[in-house]
Amino acid sequence: MLTDNIDKIHTTDMGVMRIKRNLCLTTGDVVSWCKNAIANADLTVRQGKNWYVYTDGFVITVNARSFTVITAHKIKGNVRVMTDNDYECLKEFLYQAIFIPKGIEPPKREIIFEKEIYIYIDGFGKQAGDLGVVAEQNGQTVGAAWTRIIPAYGHIDDRTPELAISLLPEFRGLGIGTRLMKRLFDVLKENGYKQTSLSVQKNNPATRFYERLGYELVTESLDRANGEDYLMIKKL
Ligand SMILES: CC(C)(COP(=O)(O)OP(=O)(O)OC[C@H]1O[C@@H](n2cnc3c(N)ncnc32)[C@H](O)[C@@H]1OP(=O)(O)O)[C@@H](O)C(=O)NCCC(=O)NCCS
C-alpha cells in the first residue's frame, strides 16, 4: 500500500515546479501537500510502474519503486468514441448508472443481469443505434455514455436511441459527464439520428444535468419499484 510508505514520499525540484504549475498551488511545501492528499485520497490505483492517486479533482503520479512524486494534474478525462474493446467495461458502467439514493444500501452487482437492466448492454455493438463514448484517465476507463434502441424504460420509437451514462464515483462532478454527453450527441448526429431519449428517476440529481444539456420532459411514470420516473427527450 502506498499509504504504508507515506514517510518515503518525496519529489525533485522539477517535480515541485511541475506540481505547483499544474495545480496552481501556492503552498511552499509541496511534499507535505502531496502526503496529505495521498493520506486522504478518494482512490489509489497501481498501474504499471506508478501509483495514481485521485483526490479532489486531482491525480498525483507516484513512482512505485522510489516513492518519487513524478507529477500531478487536474483530472480531465479524455473522451473518445467507444470501440469493440470497450464493450466489456459496460457491465461496470451499467452498475454505476443505477441510482442509489442517500442512505440506501447499494444493490448487489448481480442486479445488472436482471432482464430489464441487462437489455441496456446485452450483445452491445450489433444493432443500429448501438453507439457510445468513453472517458479515460491515465489509461483507465472512468466513464461511459452509450445509446441503444431497445424496449426499455426510456423507449420512444425505433428511430430514437435511448441513452445511459455513468462515471466511477471518484470522477463525478468534474465536468467529464458533460463532455461525454456532448461527444455522444455529435456521434448520434453523424449517424443520422434526430433525437435521443432517456429515463431517469425524478429524485436523481442527474435530472438537472440532463435539463442543462437540453433534455425536455415528455412524461412521468412509475417504475417497477413504484418510484417516479421521467421520460425525457433531447432534439439533436
Ligand atoms: C450523472 C453523471 C453521469 C454526471 O456526470 P458528471 O461528470 O458527474 O457531471 P458534470 O460534472 O458534467 O455535471 C455536474 C452535474 O452532474 C450531476 N451530478 C453530479 N454528481 C452526481 C452524482 N453523484 N450522482 C448523480 N448526478 C450527479 C448533477 O446534476 C451536477 O449538476 P449540479 O452540480 O448542478 O447538481 C454522473 O454524476 C454519474 O455517474 N452519476 C451516477 C450515475 C447516474 O445517476 N447516472 C444517470 C442514470 S439515469
# chains A, B, ... in the order shown; residues from 1 in each chain; ligands from 1

$ residues_near_ligand --ligand "ligand 1" --cutoff "7 Å" --atoms "only C-alpha atoms and all ligand atoms" --output "list in words"
Gln96, Ala97, Ile98, Phe99, Ala164, Ile165, Ser166, Leu167, Leu168, Pro169, Phe171, Arg172, Gly173, Leu174, Gly175, Ile176, Gly177, Thr178, Arg179, Ser199, Val200, Gln201, Asn204, Pro205, Ala206, Thr207, Arg208 and Phe209 of chain A

$ select_by_dssp --residues "segment 47-235 of chain A" --states "strand (DSSP E)" --output "PyMOL selection string"
chain A and resi 47+50-55+58-63+69-74+78-81+131-137+140-148+162-167+195-201+216-222+228-235

$ closest_residue --among "A:Arg18, A:Arg65, A:Arg148, A:Arg80" --to "Ile121 of chain A" --atoms "only C-alpha atoms"
A:Arg148

$ closest_atom_pairs --of "segment 141-222 of chain A" --to "segment 131-134 of chain A" --cutoff "12 Å" --atoms "only C-alpha atoms" --output "tab-separated table"
residue	atom	partner	partner_atom	distance
A:Thr141	CA	A:Val134	CA	6.8
A:Val142	CA	A:Val134	CA	7.6
A:Gly143	CA	A:Val134	CA	5.6
A:Ala144	CA	A:Val134	CA	4.3
A:Ala145	CA	A:Val133	CA	5.5
A:Trp146	CA	A:Gly132	CA	3.9
A:Thr147	CA	A:Leu131	CA	5.4
A:Arg148	CA	A:Leu131	CA	7.0
A:Ile149	CA	A:Leu131	CA	10.0
A:Pro161	CA	A:Leu131	CA	8.7
A:Glu162	CA	A:Leu131	CA	10.1
A:Leu163	CA	A:Gly132	CA	9.1
A:Ala164	CA	A:Gly132	CA	9.4
A:Ile165	CA	A:Gly132	CA	9.5
A:Ser166	CA	A:Val134	CA	9.8
A:Leu167	CA	A:Val134	CA	9.4
A:Leu168	CA	A:Val134	CA	11.6
A:Ile176	CA	A:Val134	CA	9.9
A:Gly177	CA	A:Val134	CA	9.8
A:Thr178	CA	A:Val133	CA	11.9
A:Arg179	CA	A:Val133	CA	9.9
A:Leu180	CA	A:Val133	CA	6.5
A:Met181	CA	A:Val133	CA	8.4
A:Lys182	CA	A:Val133	CA	9.9
A:Arg183	CA	A:Val133	CA	7.2
A:Leu184	CA	A:Val133	CA	6.1
A:Phe185	CA	A:Gly132	CA	9.8
A:Asp186	CA	A:Val133	CA	10.5
A:Val187	CA	A:Leu131	CA	7.5
A:Leu188	CA	A:Leu131	CA	7.4
A:Lys189	CA	A:Leu131	CA	11.0
A:Glu190	CA	A:Leu131	CA	10.8
A:Asn191	CA	A:Leu131	CA	9.0
A:Gly192	CA	A:Leu131	CA	11.9
A:Tyr193	CA	A:Leu131	CA	11.0
A:Thr196	CA	A:Leu131	CA	11.5

$ select_by_dssp --residues "segment 24-94 of chain A" --states "helix (DSSP H, G or I)" --output "PDB file with N, CA and C atoms, in the first residue's frame"
ATOM      1  N   VAL A  30       5.371  21.483  -1.041  1.00  0.00           N
ATOM      2  CA  VAL A  30       4.634  20.617  -1.966  1.00  0.00           C
ATOM      3  C   VAL A  30       4.614  19.165  -1.472  1.00  0.00           C
ATOM      4  N   VAL A  31       5.719  18.704  -0.858  1.00  0.00           N
ATOM      5  CA  VAL A  31       5.781  17.308  -0.414  1.00  0.00           C
ATOM      6  C   VAL A  31       4.736  17.052   0.686  1.00  0.00           C
ATOM      7  N   SER A  32       4.635  17.965   1.648  1.00  0.00           N
ATOM      8  CA  SER A  32       3.616  17.791   2.696  1.00  0.00           C
ATOM      9  C   SER A  32       2.222  17.832   2.094  1.00  0.00           C
ATOM     10  N   TRP A  33       2.028  18.712   1.108  1.00  0.00           N
ATOM     11  CA  TRP A  33       0.721  18.791   0.449  1.00  0.00           C
ATOM     12  C   TRP A  33       0.389  17.437  -0.201  1.00  0.00           C
ATOM     13  N   CYS A  34       1.391  16.857  -0.884  1.00  0.00           N
ATOM     14  CA  CYS A  34       1.182  15.560  -1.548  1.00  0.00           C
ATOM     15  C   CYS A  34       0.901  14.451  -0.528  1.00  0.00           C
ATOM     16  N   LYS A  35       1.670  14.453   0.560  1.00  0.00           N
ATOM     17  CA  LYS A  35       1.476  13.411   1.593  1.00  0.00           C
ATOM     18  C   LYS A  35       0.051  13.472   2.148  1.00  0.00           C
ATOM     19  N   ASN A  36      -0.401  14.676   2.398  1.00  0.00           N
ATOM     20  CA  ASN A  36      -1.748  14.859   2.940  1.00  0.00           C
ATOM     21  C   ASN A  36      -2.795  14.391   1.919  1.00  0.00           C
ATOM     22  N   ALA A  37      -2.579  14.742   0.644  1.00  0.00           N
ATOM     23  CA  ALA A  37      -3.526  14.333  -0.402  1.00  0.00           C
ATOM     24  C   ALA A  37      -3.542  12.810  -0.532  1.00  0.00           C
ATOM     25  N   ILE A  38      -2.359  12.192  -0.434  1.00  0.00           N
ATOM     26  CA  ILE A  38      -2.271  10.727  -0.570  1.00  0.00           C
ATOM     27  C   ILE A  38      -2.973  10.044   0.612  1.00  0.00           C
ATOM     28  N   ALA A  39      -2.764  10.602   1.797  1.00  0.00           N
ATOM     29  CA  ALA A  39      -3.382  10.009   3.001  1.00  0.00           C
ATOM     30  C   ALA A  39      -4.907  10.113   2.951  1.00  0.00           C
ATOM     31  N   ASP A  84     -14.895  -1.837 -30.006  1.00  0.00           N
ATOM     32  CA  ASP A  84     -15.270  -3.194 -29.562  1.00  0.00           C
ATOM     33  C   ASP A  84     -14.598  -3.550 -28.224  1.00  0.00           C
ATOM     34  N   ASN A  85     -13.348  -3.103 -28.050  1.00  0.00           N
ATOM     35  CA  ASN A  85     -12.593  -3.455 -26.836  1.00  0.00           C
ATOM     36  C   ASN A  85     -13.212  -2.865 -25.572  1.00  0.00           C
ATOM     37  N   ASP A  86     -14.074  -1.869 -25.733  1.00  0.00           N
ATOM     38  CA  ASP A  86     -14.660  -1.217 -24.561  1.00  0.00           C
ATOM     39  C   ASP A  86     -15.929  -1.921 -24.068  1.00  0.00           C
ATOM     40  N   TYR A  87     -16.489  -2.823 -24.893  1.00  0.00           N
ATOM     41  CA  TYR A  87     -17.802  -3.355 -24.526  1.00  0.00           C
ATOM     42  C   TYR A  87     -17.787  -4.084 -23.182  1.00  0.00           C
ATOM     43  N   GLU A  88     -16.657  -4.721 -22.855  1.00  0.00           N
ATOM     44  CA  GLU A  88     -16.563  -5.456 -21.601  1.00  0.00           C
ATOM     45  C   GLU A  88     -16.787  -4.533 -20.391  1.00  0.00           C
ATOM     46  N   CYS A  89     -16.327  -3.281 -20.504  1.00  0.00           N
ATOM     47  CA  CYS A  89     -16.442  -2.375 -19.352  1.00  0.00           C
ATOM     48  C   CYS A  89     -17.879  -1.880 -19.148  1.00  0.00           C
ATOM     49  N   LEU A  90     -18.774  -2.184 -20.106  1.00  0.00           N
ATOM     50  CA  LEU A  90     -20.153  -1.696 -19.955  1.00  0.00           C
ATOM     51  C   LEU A  90     -20.853  -2.295 -18.736  1.00  0.00           C
ATOM     52  N   LYS A  91     -20.434  -3.502 -18.324  1.00  0.00           N
ATOM     53  CA  LYS A  91     -21.045  -4.116 -17.130  1.00  0.00           C
ATOM     54  C   LYS A  91     -20.832  -3.204 -15.926  1.00  0.00           C
ATOM     55  N   GLU A  92     -19.600  -2.713 -15.786  1.00  0.00           N
ATOM     56  CA  GLU A  92     -19.287  -1.821 -14.662  1.00  0.00           C
ATOM     57  C   GLU A  92     -20.116  -0.535 -14.744  1.00  0.00           C
ATOM     58  N   PHE A  93     -20.194   0.033 -15.936  1.00  0.00           N
ATOM     59  CA  PHE A  93     -20.874   1.326 -16.047  1.00  0.00           C
ATOM     60  C   PHE A  93     -22.392   1.172 -15.992  1.00  0.00           C
ATOM     61  N   LEU A  94     -22.891  -0.004 -16.354  1.00  0.00           N
ATOM     62  CA  LEU A  94     -24.330  -0.259 -16.184  1.00  0.00           C
ATOM     63  C   LEU A  94     -24.639  -0.288 -14.688  1.00  0.00           C
TER      64      LEU A  94
END

$ atom_distance --atom1 "atom CA of Leu198 of chain A" --atom2 "atom CA of Asn78 of chain A"
24.0 Å

$ atom_distance --atom1 "atom CA of Arg46 of chain A" --atom2 "atom CA of Phe113 of chain A"
29.2 Å

$ residues_around --residues "Gly139 of chain A" --least-positions-apart "4" --cutoff "10 Å" --atoms "only C-alpha atoms" --output "list in words"
Gln47, Gly77, Asn78 and Ala135 of chain A

$ atom_distance --atom1 "atom CA of Lys20 of chain A" --atom2 "atom CA of Glu170 of chain A"
22.6 Å

$ closest_residue --among "A:Tyr95, A:Asp7, A:Glu220, A:Ile60" --to "Glu114 of chain A" --atoms "only C-alpha atoms"
A:Tyr95

$ residues_around --residues "Tyr52 of chain A" --least-positions-apart "5" --cutoff "9 Å" --atoms "only C-alpha atoms" --output "PyMOL selection string"
chain A and resi 43-47+59-63+138
